[in-house]
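A quick write-up on the structure given underneath.
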Amino acid sequence: MREDELLNNEKVEKVLSPHPLSFMGYQSLCIFLIILGIVIGWLVSFSDMKELFENYLISITVWGLVLLVVGVIASLVTIRWRIFFLYLFIFLGGFGLILWQGWQDIVGVVLPFYTVSVSIIGFLIVELFRRSHKYIITNQRISFKGGVLTKRERTLRYDKISDINAKQGILGQIFSFGTIIPISQSGFGLGSDSAQAAGGVMLGEKKVKLLGIFGGGKEVQTPRARSYYELHGVHPYKEIKKLVEEMVQGSVITPYQQEQVAFQKEQVDIQKQMRDLLKLQADGKDEEGNKDEKNLKL
């Protein structure tokens with residue numbers, strides 16, 4: 001944070017960014033692509049079942065089905081359909097590239113190379129996204145900044161924080177990082193997650209038809225915020241959590257302090273009333289003195 005962004009008497013306590021492993025959810029999607037690329041390359045070129053994959057359409061179909069099924073499962077588990085659409089885009093891109101370049105005969109080489117290349121690009125994008133995050137903790141507020149193409153910023157004063165939610169995953173407990181979500185009095189930091197899945201099949205022609213539809217849904221009210229609106233994956237976790245709690249506690253007025261403030265306000269009001277009364281008495285005496293002077297002159 002630049003000095004011209006600081007408020008009066010404001011001092012920076014910590015400048016933080018997410019831990020390199022804090023976005024493992026996104027990184028695991030890239031790791032899966034590497035594994036899928038290696039497995040599909042082995043099946044098509046080296047396994048005992050490679051004769052089954054002599055037709056390039058079978059290879060692409062198996063690769064695409066695994067990709068999309070995992071995308072659906074990951075989307076339902078994380079309640080984020082963007083994962084499925086991302087894998088769908090990867091599948092369409094790979095299929096289109098093979099047809100466009102006429103690489104049907106070397107699909108056993110193209111699919112692994114393409115899948116691993118996409119995963120490497122994914123790792124770079126995730127790392128760029130992680131580095132774009134910056135959290136500044138001062139003695140007056142917390143400033144959240146993040147975003148690659150669109151820069152986002154949130155400022156939260158300690159006296160506006162009503163609750164603090166903190167969590168650590170398995171990796172976070174091992175490497176001492178975690179996520180801290182300050183929940184404001186207006187409810188910022190709380191969210192509702194939902195996901196739906198449905199599918200249908202119709203068989204038969206004319207009179208004989210069979211239609212099946214299935215669906216599922218999930219809705220959760222939970223402390224949740226974008227990674228650039230929370231202290232995501234900060235390290236060291238316990239130290240930062242204690243610092244934030246101390247800052248919030250320092251901005252909260254205790255019942256005793258509230259009584260003292262009310263008492264001082266009452267005393268100020270009494271002093272104002274006494275001052276006004278004395279002023280009225282002084283003005284009355286001045287008027288009586290003026291009247292006496294006029295009577296003497298007469």
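Naming works like this for the structure tokens: A, B, ... for the chains as they're shown, residue 1 at the start of each chain, ligands 1 onward in shown order.
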
**Message:** List as an NGL selection string the protein and nucleic acid residues near range 229-237 of chain A, meaning an atom at most 9 Å away when only C-alpha atoms are counted, but skip any in the same chain fewer than 6 places from it.
**Reply:** :A and (16-23 or 133-135 or 143-146 or 152-155 or 168 or 172 or 175-182 or 189)

What would the file look like if the residues just selected were written as an mmCIF file, in the first residue's frame with C-alpha atoms?
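Dumped to part-v5.cif:
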data_model
loop_
_atom_site.group_PDB
_atom_site.id
_atom_site.type_symbol
_atom_site.label_atom_id
_atom_site.label_comp_id
_atom_site.auth_asym_id
_atom_site.auth_seq_id
_atom_site.Cartn_x
_atom_site.Cartn_y
_atom_site.Cartn_z
ATOM 1 C CA LEU A 16 0.329 -10.803 2.779
ATOM 2 C CA SER A 17 -0.339 -12.975 -0.259
ATOM 3 C CA PRO A 18 -1.764 -16.512 -0.558
ATOM 4 C CA HIS A 19 0.503 -19.494 0.071
ATOM 5 C CA PRO A 20 1.695 -21.269 -3.131
ATOM 6 C CA LEU A 21 -0.362 -24.347 -2.176
ATOM 7 C CA SER A 22 -3.479 -22.420 -1.163
ATOM 8 C CA PHE A 23 -5.064 -22.832 -4.612
ATOM 9 C CA HIS A 133 -3.735 -11.222 -4.572
ATOM 10 C CA LYS A 134 -2.502 -8.854 -1.889
ATOM 11 C CA TYR A 135 -3.825 -8.329 1.625
ATOM 12 C CA SER A 143 -7.494 -3.990 2.460
ATOM 13 C CA PHE A 144 -8.111 -6.848 0.005
ATOM 14 C CA LYS A 145 -6.835 -6.615 -3.572
ATOM 15 C CA GLY A 146 -6.889 -9.154 -6.403
ATOM 16 C CA ARG A 152 -10.965 -5.798 -7.419
ATOM 17 C CA GLU A 153 -10.527 -4.181 -4.033
ATOM 18 C CA ARG A 154 -12.358 -4.335 -0.711
ATOM 19 C CA THR A 155 -11.700 -2.303 2.424
ATOM 20 C CA GLN A 168 -7.506 -24.960 7.501
ATOM 21 C CA GLY A 172 -2.839 -25.936 5.500
ATOM 22 C CA PHE A 175 2.372 -26.067 5.982
ATOM 23 C CA SER A 176 0.743 -23.625 8.443
ATOM 24 C CA PHE A 177 -1.537 -21.632 6.170
ATOM 25 C CA GLY A 178 -5.274 -21.093 6.201
ATOM 26 C CA THR A 179 -8.171 -18.883 5.180
ATOM 27 C CA ILE A 180 -9.703 -16.189 7.385
ATOM 28 C CA ILE A 181 -13.077 -14.703 6.385
ATOM 29 C CA PRO A 182 -14.063 -11.485 8.196
ATOM 30 C CA GLY A 189 -18.726 -12.851 3.762
#

Tell me which protein, DNA and RNA residues are within 10 Å of Val109 in chain A, counting only C-alpha atoms, leaving out same-chain ones fewer than 6 positions away, and put them as a VMD selection string. chain A and resid 37 40 to 42 44 to 45 103

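Among A:Tyr228, A:Ile183, A:Trp81, A:Ile106, the residue with the shortest atom-to-atom distance to Thr150 in chain A, counting only C-alpha atoms, is A:Tyr228.
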
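For the residues A:Asn165, A:Tyr114, A:Phe84, A:Leu65, ranking by smallest atom-to-atom distance to Ala225 in chain A using only C-alpha atoms places A:Asn165 first.
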
The residue from A:Met274, A:Leu111, A:Val248, A:Leu99 with the smallest atom-to-atom distance to Ile60 in chain A, counting only C-alpha atoms, is A:Leu111

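Distances from A:Leu29, A:Met247, A:Leu6, A:Val116 to Arg82 in chain A were compared using only C-alpha atoms, and the smallest one belongs to A:Leu29.
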
I need the strand (DSSP E or B) residues of range 74-166 of chain A per DSSP on the backbone, written as number ranges by chain. A: 134-138, 141-146, 152-157, 161-166

Restricting the output to N, CA and C atoms, write the selected residues as a PDB file, in the first residue's frame.
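Result went into part-v2.pdb, see below:
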ATOM      1  N   LYS A 134      -3.287  -9.545  -2.915  1.00  0.00           N
ATOM      2  CA  LYS A 134      -2.502  -8.854  -1.889  1.00  0.00           C
ATOM      3  C   LYS A 134      -3.446  -8.414  -0.770  1.00  0.00           C
ATOM      4  N   TYR A 135      -3.033  -8.700   0.451  1.00  0.00           N
ATOM      5  CA  TYR A 135      -3.825  -8.329   1.625  1.00  0.00           C
ATOM      6  C   TYR A 135      -2.975  -7.435   2.519  1.00  0.00           C
ATOM      7  N   ILE A 136      -3.494  -6.249   2.837  1.00  0.00           N
ATOM      8  CA  ILE A 136      -2.786  -5.301   3.697  1.00  0.00           C
ATOM      9  C   ILE A 136      -3.548  -5.144   5.001  1.00  0.00           C
ATOM     10  N   ILE A 137      -2.909  -5.509   6.099  1.00  0.00           N
ATOM     11  CA  ILE A 137      -3.502  -5.365   7.428  1.00  0.00           C
ATOM     12  C   ILE A 137      -2.867  -4.156   8.101  1.00  0.00           C
ATOM     13  N   THR A 138      -3.672  -3.162   8.430  1.00  0.00           N
ATOM     14  CA  THR A 138      -3.189  -1.975   9.129  1.00  0.00           C
ATOM     15  C   THR A 138      -3.823  -1.916  10.517  1.00  0.00           C
ATOM     16  N   ARG A 141      -7.756  -0.970   9.437  1.00  0.00           N
ATOM     17  CA  ARG A 141      -8.603  -1.680   8.478  1.00  0.00           C
ATOM     18  C   ARG A 141      -7.823  -2.805   7.816  1.00  0.00           C
ATOM     19  N   ILE A 142      -8.560  -3.603   7.018  1.00  0.00           N
ATOM     20  CA  ILE A 142      -7.955  -4.631   6.169  1.00  0.00           C
ATOM     21  C   ILE A 142      -8.295  -4.294   4.728  1.00  0.00           C
ATOM     22  N   SER A 143      -7.290  -4.280   3.878  1.00  0.00           N
ATOM     23  CA  SER A 143      -7.494  -3.990   2.460  1.00  0.00           C
ATOM     24  C   SER A 143      -7.225  -5.254   1.658  1.00  0.00           C
ATOM     25  N   PHE A 144      -8.212  -5.650   0.840  1.00  0.00           N
ATOM     26  CA  PHE A 144      -8.111  -6.848   0.005  1.00  0.00           C
ATOM     27  C   PHE A 144      -7.996  -6.411  -1.454  1.00  0.00           C
ATOM     28  N   LYS A 145      -7.013  -6.941  -2.162  1.00  0.00           N
ATOM     29  CA  LYS A 145      -6.835  -6.615  -3.572  1.00  0.00           C
ATOM     30  C   LYS A 145      -6.584  -7.899  -4.356  1.00  0.00           C
ATOM     31  N   GLY A 146      -7.107  -7.969  -5.586  1.00  0.00           N
ATOM     32  CA  GLY A 146      -6.889  -9.154  -6.403  1.00  0.00           C
ATOM     33  C   GLY A 146      -7.512  -9.012  -7.769  1.00  0.00           C
ATOM     34  N   ARG A 152      -9.921  -5.962  -8.428  1.00  0.00           N
ATOM     35  CA  ARG A 152     -10.965  -5.798  -7.419  1.00  0.00           C
ATOM     36  C   ARG A 152     -10.330  -5.431  -6.085  1.00  0.00           C
ATOM     37  N   GLU A 153     -11.057  -4.639  -5.315  1.00  0.00           N
ATOM     38  CA  GLU A 153     -10.527  -4.181  -4.033  1.00  0.00           C
ATOM     39  C   GLU A 153     -11.664  -4.054  -3.024  1.00  0.00           C
ATOM     40  N   ARG A 154     -11.398  -4.454  -1.809  1.00  0.00           N
ATOM     41  CA  ARG A 154     -12.358  -4.335  -0.711  1.00  0.00           C
ATOM     42  C   ARG A 154     -11.634  -3.802   0.510  1.00  0.00           C
ATOM     43  N   THR A 155     -12.247  -2.850   1.187  1.00  0.00           N
ATOM     44  CA  THR A 155     -11.700  -2.303   2.424  1.00  0.00           C
ATOM     45  C   THR A 155     -12.699  -2.546   3.547  1.00  0.00           C
ATOM     46  N   LEU A 156     -12.229  -3.091   4.651  1.00  0.00           N
ATOM     47  CA  LEU A 156     -13.105  -3.424   5.769  1.00  0.00           C
ATOM     48  C   LEU A 156     -12.493  -2.890   7.062  1.00  0.00           C
ATOM     49  N   ARG A 157     -13.230  -1.998   7.723  1.00  0.00           N
ATOM     50  CA  ARG A 157     -12.780  -1.461   9.000  1.00  0.00           C
ATOM     51  C   ARG A 157     -13.095  -2.464  10.108  1.00  0.00           C
ATOM     52  N   ILE A 161     -16.629  -5.390  11.583  1.00  0.00           N
ATOM     53  CA  ILE A 161     -16.549  -6.856  11.587  1.00  0.00           C
ATOM     54  C   ILE A 161     -17.360  -7.402  12.755  1.00  0.00           C
ATOM     55  N   SER A 162     -18.318  -8.267  12.449  1.00  0.00           N
ATOM     56  CA  SER A 162     -19.163  -8.857  13.487  1.00  0.00           C
ATOM     57  C   SER A 162     -18.719 -10.267  13.867  1.00  0.00           C
ATOM     58  N   ASP A 163     -18.002 -10.953  12.977  1.00  0.00           N
ATOM     59  CA  ASP A 163     -17.586 -12.325  13.250  1.00  0.00           C
ATOM     60  C   ASP A 163     -16.400 -12.664  12.355  1.00  0.00           C
ATOM     61  N   ILE A 164     -15.659 -13.687  12.751  1.00  0.00           N
ATOM     62  CA  ILE A 164     -14.502 -14.144  11.974  1.00  0.00           C
ATOM     63  C   ILE A 164     -14.618 -15.648  11.786  1.00  0.00           C
ATOM     64  N   ASN A 165     -14.579 -16.090  10.534  1.00  0.00           N
ATOM     65  CA  ASN A 165     -14.585 -17.515  10.218  1.00  0.00           C
ATOM     66  C   ASN A 165     -13.198 -17.905   9.726  1.00  0.00           C
ATOM     67  N   ALA A 166     -12.667 -18.984  10.255  1.00  0.00           N
ATOM     68  CA  ALA A 166     -11.328 -19.432   9.871  1.00  0.00           C
ATOM     69  C   ALA A 166     -11.347 -20.928   9.591  1.00  0.00           C
TER      70      ALA A 166
END

Please provide the set of residues having any atom within 10 Å of Leu67 in chain A, restricted to only C-alpha atoms, with same-chain residues fewer than 2 positions apart removed, written as JSON, numbers by chain.
{"A": [32, 33, 36, 61, 62, 63, 64, 65, 69, 70, 71, 72, 84, 87, 88, 90, 91]}

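Considering the residues A:Tyr56, A:Thr78, A:Glu127, A:Leu280 and counting only C-alpha atoms, Val107 in chain A has its shortest atom-to-atom contact with A:Tyr56.
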
Report task. Enumerate as a ChimeraX atom specification all residues of range 22-93 of chain A assigned to alpha helix (DSSP H) by DSSP on the backbone, naming them with the chain letters and numbers the document uses. Result -> /A:24-45,56-78,82-93

CA of Gly122 in chain A sits from CA of Ile174 in chain A at a separation of 24.8 Å

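Of the residues under consideration (A:Gly108, A:Tyr158, A:Lys242, A:Gln273), A:Gly108 shows the shortest atom-to-atom contact distance to Asn55 in chain A when counting only C-alpha atoms.
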